[in-house]
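What follows is run_23.csv (CSV, C-alpha atoms).
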```csv
chain,number,residue,atom,x,y,z
A,1,MET,CA,89.3,107.4,106.7
A,2,SER,CA,86.6,107.8,109.4
A,3,ILE,CA,89.1,109.3,111.9
A,4,PHE,CA,90.4,111.7,109.2
A,5,GLY,CA,86.8,112.8,108.4
A,6,ILE,CA,86.0,113.3,112.1
A,7,VAL,CA,89.1,115.3,112.8
A,8,ALA,CA,89.5,117.3,109.6
A,9,GLY,CA,85.8,117.7,108.7
A,10,PRO,CA,86.3,117.9,104.9
A,11,PHE,CA,83.6,119.0,102.4
A,12,GLY,CA,82.2,121.6,104.8
A,13,THR,CA,81.4,119.1,107.6
A,14,LEU,CA,83.8,120.9,110.0
A,15,GLN,CA,81.6,124.0,110.0
A,16,SER,CA,78.2,122.4,109.5
A,17,ILE,CA,78.4,119.3,111.8
A,18,SER,CA,79.5,119.2,115.5
A,19,LEU,CA,82.3,116.9,116.6
A,20,GLY,CA,79.9,114.5,118.3
A,21,MET,CA,77.7,114.2,115.2
A,22,ARG,CA,80.8,113.8,113.0
A,23,CYS,CA,81.7,110.7,115.1
A,24,ILE,CA,78.4,109.2,113.8
A,25,TYR,CA,78.4,110.8,110.4
A,26,TRP,CA,81.8,109.7,109.0
A,27,PRO,CA,81.8,106.0,110.0
A,28,VAL,CA,78.3,105.7,108.4
A,29,ILE,CA,79.4,107.5,105.3
A,30,ILE,CA,82.6,105.5,104.9
A,31,GLY,CA,80.9,102.2,105.6
A,32,LEU,CA,78.1,102.8,103.2
A,33,GLY,CA,80.5,104.0,100.6
A,34,VAL,CA,82.7,100.9,100.9
A,35,LEU,CA,79.7,98.5,100.8
A,36,VAL,CA,78.0,100.1,97.8
A,37,GLY,CA,81.4,100.5,96.0
A,38,ALA,CA,82.1,96.8,96.4
A,39,VAL,CA,78.7,95.8,94.9
A,40,LEU,CA,79.1,98.3,92.1
A,41,ARG,CA,82.6,96.9,91.2
A,42,VAL,CA,81.1,93.4,90.8
A,43,VAL,CA,78.3,94.8,88.5
A,44,VAL,CA,80.7,96.9,86.4
A,45,GLN,CA,83.5,94.4,86.1
A,46,ASP,CA,81.6,91.0,85.9
A,47,TYR,CA,78.2,92.0,84.4
A,48,MET,CA,79.2,94.9,82.3
A,49,GLY,CA,82.6,93.7,81.4
A,50,LEU,CA,84.3,97.0,82.1
A,51,ARG,CA,87.8,96.3,83.5
A,52,ARG,CA,90.0,98.9,81.9
A,53,TYR,CA,90.7,102.0,84.0
A,54,ALA,CA,89.4,104.4,81.3
A,55,THR,CA,85.9,102.8,81.3
A,56,GLU,CA,85.6,101.2,84.8
A,57,ALA,CA,86.6,104.2,86.9
A,58,PRO,CA,84.2,106.7,85.3
A,59,ALA,CA,81.3,104.2,85.3
A,60,LEU,CA,81.9,103.4,89.0
A,61,ALA,CA,82.1,107.1,89.8
A,62,LEU,CA,78.9,107.9,87.9
A,63,PHE,CA,76.9,105.0,89.5
A,64,SER,CA,78.3,105.9,93.0
A,65,ALA,CA,77.2,109.5,92.6
A,66,LEU,CA,73.7,108.5,91.5
A,67,LEU,CA,73.2,106.0,94.3
A,68,LEU,CA,75.1,107.6,97.2
A,69,THR,CA,74.3,111.2,96.8
A,70,PRO,CA,70.7,111.0,98.1
A,71,PRO,CA,71.5,109.2,101.4
A,72,PHE,CA,74.7,111.2,101.9
A,73,TRP,CA,72.9,114.5,101.4
A,74,TRP,CA,69.9,113.4,103.6
A,75,LEU,CA,72.2,112.3,106.4
A,76,THR,CA,74.2,115.6,106.2
A,77,ASP,CA,71.1,117.7,106.2
A,78,LEU,CA,69.8,115.7,109.2
A,79,LEU,CA,72.9,116.1,111.4
A,80,ALA,CA,74.0,119.6,110.3
A,81,SER,CA,73.6,122.3,112.9
A,82,ASP,CA,74.4,124.9,110.3
A,83,ARG,CA,72.6,123.9,107.1
A,84,GLY,CA,74.0,127.0,105.3
A,85,ALA,CA,77.5,125.6,105.5
A,86,ALA,CA,76.5,122.1,104.4
A,87,PRO,CA,77.0,121.1,100.7
A,88,ASP,CA,74.0,121.1,98.4
A,89,VAL,CA,72.9,118.1,96.3
A,90,ALA,CA,75.1,119.1,93.3
A,91,ALA,CA,78.2,119.7,95.4
A,92,MET,CA,77.6,116.4,97.2
A,93,ALA,CA,77.3,114.5,93.9
A,94,LEU,CA,80.6,116.1,92.8
A,95,TYR,CA,82.3,115.1,96.0
A,96,VAL,CA,81.2,111.5,95.6
A,97,PHE,CA,82.2,111.4,91.9
A,98,VAL,CA,85.7,112.8,92.6
A,99,ALA,CA,86.2,110.5,95.7
A,100,SER,CA,85.2,107.4,93.7
A,101,MET,CA,87.6,108.4,90.9
A,102,GLY,CA,90.4,108.8,93.4
A,103,VAL,CA,89.7,105.4,95.0
A,104,SER,CA,89.6,103.7,91.5
A,105,THR,CA,92.9,105.4,90.5
A,106,LEU,CA,94.7,104.2,93.6
A,107,ARG,CA,93.3,100.7,93.2
A,108,HIS,CA,94.5,100.5,89.6
A,109,ALA,CA,97.8,102.2,90.5
A,110,PHE,CA,98.7,99.5,93.1
A,111,ASN,CA,97.6,96.6,90.8
A,112,PRO,CA,100.6,95.5,88.7
A,113,ASN,CA,98.3,93.8,86.2
A,114,SER,CA,96.1,96.9,85.5
A,115,ASP,CA,96.1,98.7,82.2
A,116,LEU,CA,96.8,102.0,84.1
A,117,MET,CA,100.1,100.6,85.4
A,118,ARG,CA,101.0,99.3,81.9
A,119,MET,CA,100.2,102.7,80.5
A,120,TRP,CA,102.4,104.5,83.0
A,121,SER,CA,105.1,101.9,82.3
A,122,GLU,CA,104.9,102.6,78.6
A,123,GLU,CA,105.1,106.4,79.1
A,124,GLU,CA,108.2,106.1,81.4
A,125,GLY,CA,109.8,103.1,79.5
A,126,GLY,CA,111.7,104.8,76.7
A,127,ALA,CA,115.0,103.4,78.0
A,128,ALA,CA,113.4,100.1,78.9
A,129,LEU,CA,112.1,99.8,75.3
A,130,ALA,CA,115.6,100.3,73.9
A,131,GLU,CA,116.9,97.6,76.3
A,132,ALA,CA,114.1,95.3,75.2
A,133,GLU,CA,114.9,95.8,71.5
A,134,GLU,CA,118.6,95.0,72.3
A,135,ALA,CA,117.5,91.9,74.2
A,136,ASP,CA,115.3,90.8,71.2
A,137,ALA,CA,118.3,91.1,68.9
A,138,LYS,CA,120.3,88.9,71.2
A,139,GLU,CA,117.5,86.3,71.3
A,140,GLU,CA,117.7,85.9,67.6
A,141,GLU,CA,121.1,84.3,68.1
A,142,GLY,CA,119.7,81.5,70.2
A,143,PRO,CA,116.4,80.2,71.7
A,144,PRO,CA,115.1,82.2,74.6
A,145,SER,CA,115.3,80.5,78.0
A,146,ASP,CA,112.6,82.5,79.8
A,147,PRO,CA,109.1,80.8,79.5
A,148,ARG,CA,107.5,84.3,79.8
A,149,GLU,CA,109.2,85.1,76.4
A,150,SER,CA,108.9,81.7,74.7
A,151,GLY,CA,105.6,80.6,76.1
A,152,PRO,CA,102.0,81.8,75.7
A,153,ARG,CA,101.0,85.4,76.2
A,154,LEU,CA,99.7,84.7,79.6
A,155,ALA,CA,103.2,83.7,80.8
A,156,ALA,CA,104.3,87.3,80.3
A,157,ARG,CA,102.0,88.3,83.2
A,158,LEU,CA,103.7,86.0,85.7
A,159,PRO,CA,106.4,87.0,88.1
A,160,GLU,CA,109.8,85.6,87.4
A,161,CYS,CA,109.8,83.2,90.3
A,162,ASP,CA,106.6,81.5,89.0
A,163,CYS,CA,107.3,81.5,85.2
A,164,GLY,CA,107.8,77.8,84.7
A,165,PRO,CA,105.6,75.9,82.1
A,166,ILE,CA,101.9,76.4,82.9
A,167,ILE,CA,100.2,73.3,84.1
A,168,ARG,CA,96.6,74.5,84.6
A,169,LEU,CA,94.4,77.5,85.3
A,170,GLN,CA,91.6,77.8,87.9
A,171,VAL,CA,89.2,80.4,89.0
A,172,ARG,CA,89.4,81.7,92.6
A,173,ASP,CA,87.0,84.5,93.5
A,174,HIS,CA,87.6,87.3,90.9
A,175,TYR,CA,91.1,86.0,90.2
A,176,VAL,CA,92.6,83.4,87.8
A,177,GLU,CA,95.1,81.2,89.6
A,178,VAL,CA,97.9,80.1,87.3
A,179,ILE,CA,99.7,76.9,88.4
A,180,THR,CA,103.1,76.3,86.9
A,181,CYS,CA,106.0,73.9,87.5
A,182,SER,CA,107.6,76.7,89.6
A,183,GLY,CA,104.7,77.8,91.7
A,184,ARG,CA,101.5,79.6,91.4
A,185,ALA,CA,100.3,83.2,90.8
A,186,SER,CA,97.0,85.0,90.9
A,187,LEU,CA,96.0,87.4,88.1
A,188,LEU,CA,93.0,89.8,88.3
A,189,MET,CA,91.4,89.0,84.9
A,190,ARG,CA,88.5,87.1,83.3
A,191,PHE,CA,88.9,83.4,83.0
A,192,ALA,CA,87.9,83.5,79.3
A,193,ASP,CA,90.7,86.0,78.7
A,194,ALA,CA,93.3,83.9,80.5
A,195,VAL,CA,92.3,80.8,78.4
A,196,ALA,CA,92.5,82.9,75.2
A,197,GLU,CA,96.1,84.0,76.2
A,198,MET,CA,97.1,80.3,76.4
A,199,GLU,CA,96.9,80.2,72.6
A,200,GLY,CA,99.8,78.1,71.2
A,201,VAL,CA,99.6,75.6,74.1
A,202,GLU,CA,97.6,72.4,73.6
A,203,GLY,CA,95.1,72.2,76.3
A,204,LEU,CA,91.4,72.1,77.0
A,205,GLN,CA,88.8,73.5,79.4
A,206,VAL,CA,87.4,70.6,81.6
A,207,HIS,CA,85.2,72.6,83.9
A,208,ARG,CA,83.7,76.1,84.0
A,209,SER,CA,86.5,77.0,86.4
A,210,HIS,CA,89.4,74.8,85.2
A,211,TRP,CA,91.7,74.7,82.1
A,212,VAL,CA,94.5,72.2,81.8
A,213,ALA,CA,97.6,71.8,79.6
A,214,ARG,CA,97.4,68.5,77.6
A,215,ALA,CA,101.0,67.6,78.3
A,216,ALA,CA,100.5,68.0,82.0
A,217,ILE,CA,97.8,65.3,82.3
A,218,ARG,CA,99.0,62.0,83.6
A,219,ALA,CA,95.8,59.9,84.1
A,220,ILE,CA,92.0,60.0,84.6
A,221,ALA,CA,90.4,58.9,87.9
A,222,ARG,CA,86.8,58.1,88.8
A,223,ARG,CA,85.8,58.3,92.4
A,224,ARG,CA,82.3,58.4,93.9
A,225,GLY,CA,80.7,59.2,90.5
A,226,LYS,CA,83.1,62.1,89.9
A,227,VAL,CA,85.7,62.2,87.1
A,228,LEU,CA,89.1,63.7,87.9
A,229,LEU,CA,92.3,64.4,86.0
A,230,VAL,CA,95.5,63.6,87.7
A,231,MET,CA,98.1,66.2,86.8
A,232,CYS,CA,101.9,66.0,86.7
A,233,ASP,CA,102.2,67.9,90.0
A,234,GLY,CA,99.9,65.5,91.7
A,235,SER,CA,96.9,67.7,91.8
A,236,GLU,CA,93.5,66.5,90.7
A,237,VAL,CA,91.2,68.6,88.6
A,238,PRO,CA,87.4,67.9,88.4
A,239,VAL,CA,85.8,67.3,85.0
A,240,SER,CA,82.2,68.4,84.5
A,241,ARG,CA,79.7,66.5,82.4
A,242,THR,CA,79.7,69.2,79.7
A,243,TYR,CA,83.4,68.6,78.9
A,244,LEU,CA,83.5,64.8,79.7
A,245,PRO,CA,83.3,63.7,76.0
A,246,GLN,CA,86.3,65.8,75.1
A,247,VAL,CA,88.3,64.3,78.0
A,248,GLU,CA,87.3,60.7,77.2
A,249,ALA,CA,88.4,61.3,73.6
A,250,LEU,CA,91.9,61.8,74.8
A,251,GLY,CA,92.2,58.1,75.7
A,252,LEU,CA,93.9,58.8,79.0
A,253,PRO,CA,95.2,55.9,81.1
A,254,PRO,CA,93.3,55.2,84.4
A,255,ALA,CA,94.9,56.3,87.6
A,256,GLU,CA,96.4,53.5,89.7
A,257,ALA,CA,94.3,52.3,92.6
A,258,GLY,CA,95.1,54.2,95.8
A,259,ALA,CA,96.9,57.0,93.9
```
For the file at hand, write its structure as structure tokens.
Amino acid sequence: MSIFGIVAGPFGTLQSISLGMRCIYWPVIIGLGVLVGAVLRVVVQDYMGLRRYATEAPALALFSALLLTPPFWWLTDLLASDRGAAPDVAAMALYVFVASMGVSTLRHAFNPNSDLMRMWSEEEGGAALAEAEEADAKEEEGPPSDPRESGPRLAARLPECDCGPIIRLQVRDHYVEVITCSGRASLLMRFADAVAEMEGVEGLQVHRSHWVARAAIRAIARRRGKVLLVMCDGSEVPVSRTYLPQVEALGLPPAEAGA
């Protein structure tokens, strides 16, 4: 993006800023935009709870325009050899807003779990809907074999290769990692929403970052003052003090020594 800005000189910088100054201007602009954009995404998604494209993208674009327009305009005015060709504050704010909307649109478009992708799929899925209805009619004749159809709502988000029975959920960065009998998949969503979509499956949250299916628990282990759940896939899940009474109420067998 920096190379494109240096060579093409968009937004009037080709006429107002020399080639040498553009080699400084655009890397600074792009770097600052990426840094501020990343911070704003955390604020908008995690603290404001705006994750849908229709609310997240405009909010990010508005905050970006408010925060980035002053330094961008100041840097442009500082390096411009022809200030008459440089954009004014209003034009700069518009450029930042439109650029931010474009980046958010691309980010949602390439995320298969985003509501934007689901919206596009619904608009283009008339034929697919007919096929789905036909498949539903066939399913009435016998039990479905695909866990994504017979299991909890969260299973519908998983790729086909990882759609076995769900063993547990865990938080990893801004993603929820879903561990199944067939593998694991990462979903960009809130942990609380993922747990809510496990409705219908008996399980419990044992840590602020871990949820486990009851049927997948094999034993309870205590090591160095820590309580762990031994799962059917051999993994061990930590239990925090907050959720320890619920775990102890299950009456789980102790793990074998050395296991």
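Nearest to A:Ile166 of all the residues A:Cys232, A:Met101, A:Ala221, A:Met48 is A:Cys232, based on only C-alpha atoms.
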Practice item. Extract, using only C-alpha atoms, all DNA, RNA and protein residues at most 12 Å from A:Asp82, discarding same-chain residues fewer than 4 positions from it, and format them as a PyMOL selection string. Key: chain A and resi 12-18+76-78+86-87
Selection above as a file: C-alpha atoms, as an mmCIF file, keeping the file's coordinate frame:
```
data_model
loop_
_atom_site.group_PDB
_atom_site.id
_atom_site.type_symbol
_atom_site.label_atom_id
_atom_site.label_comp_id
_atom_site.auth_asym_id
_atom_site.auth_seq_id
_atom_site.Cartn_x
_atom_site.Cartn_y
_atom_site.Cartn_z
ATOM 1 C CA GLY A 12 82.200 121.600 104.800
ATOM 2 C CA THR A 13 81.400 119.100 107.600
ATOM 3 C CA LEU A 14 83.800 120.900 110.000
ATOM 4 C CA GLN A 15 81.600 124.000 110.000
ATOM 5 C CA SER A 16 78.200 122.400 109.500
ATOM 6 C CA ILE A 17 78.400 119.300 111.800
ATOM 7 C CA SER A 18 79.500 119.200 115.500
ATOM 8 C CA THR A 76 74.200 115.600 106.200
ATOM 9 C CA ASP A 77 71.100 117.700 106.200
ATOM 10 C CA LEU A 78 69.800 115.700 109.200
ATOM 11 C CA ALA A 86 76.500 122.100 104.400
ATOM 12 C CA PRO A 87 77.000 121.100 100.700
#
```
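You can rank A:Ala156, A:Ala215, A:Ile3, A:Ala255 by their closest distance to A:Ala185 using all atoms listed in the file, and at the top of that list sits A:Ala156.
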Check your understanding: Of the candidates A:Lys226, A:Arg157, A:Arg214, A:Arg22, which shows the shortest atom-to-atom distance to A:Met189, using all atoms listed in the file?
Key -> A:Arg157
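Taking all atoms listed in the file, the non-local environment of stretch 234-243 of chain A within 9 Å (same-chain residues fewer than 3 positions away omitted) comprises Arg168, Leu204, Gln205, Val206, His207, Arg208, His210, Trp211, Val212, Arg218, Ala221, Lys226, Val227, Leu228, Leu229, Val230, Met231, Gln246, Val247 and Glu248 of chain A.
Our summary of the geometry notes that atom CA of A:Leu66 is positioned 21.2 Å from atom CA of A:Arg52.
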Check your understanding: Near A:Thr69, counting all atoms listed in the file, which residues have an atom at most 10 Å away, once you skip same-chain residues fewer than 3 positions from it, shown as an NGL selection string?
Key -> :A and (63-66 or 72-75 or 89-97)
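Distances here use all atoms listed in the file; by that measure, the residue among A:Ala155, A:Phe4, A:Val103, A:Phe191 closest to A:Val171 is A:Phe191.
For the pair atom CA of A:Leu158 and atom CA of A:His108, the separation is 17.6 Å.
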Exercise for review: Please provide as a PyMOL selection string all residues within 12 Å of A:Gly102, with the sequence filter that same-chain residues fewer than 3 positions apart are discarded (counting all atoms listed in the file).
Suggested key: chain A and resi 53+57-58+60-61+95-99+105-109
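Proximity to A:Ser81 was assessed for A:Gly37, A:Pro152, A:Pro27, A:Gly20 counting all atoms listed in the file; the smallest distance is recorded for A:Gly20.
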List the neighbours of A:Leu32 out to 10 Å using all atoms listed in the file; skip same-chain residues closer than 6 positions along the sequence, and give me the result as a compact mmCIF listing (two decimals) with C-alpha atoms, in the frame of the given file.
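Okay, this is what ended up in out.txt:
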```
# COMPACT_ATOMS: atom_id res chain seq x y z
CA TRP A 26 81.80 109.70 109.00
CA ALA A 38 82.10 96.80 96.40
CA LEU A 68 75.10 107.60 97.20
CA PRO A 71 71.50 109.20 101.40
CA PHE A 72 74.70 111.20 101.90
```
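Across A:Pro10, A:Pro159, A:Gly5, A:Gly84, the tightest approach to A:Ser182 is made by A:Pro159 when counting only C-alpha atoms.
One distance worth recording is that between atom CA of A:Ser186 and atom CA of A:Met198, which is 15.2 Å.
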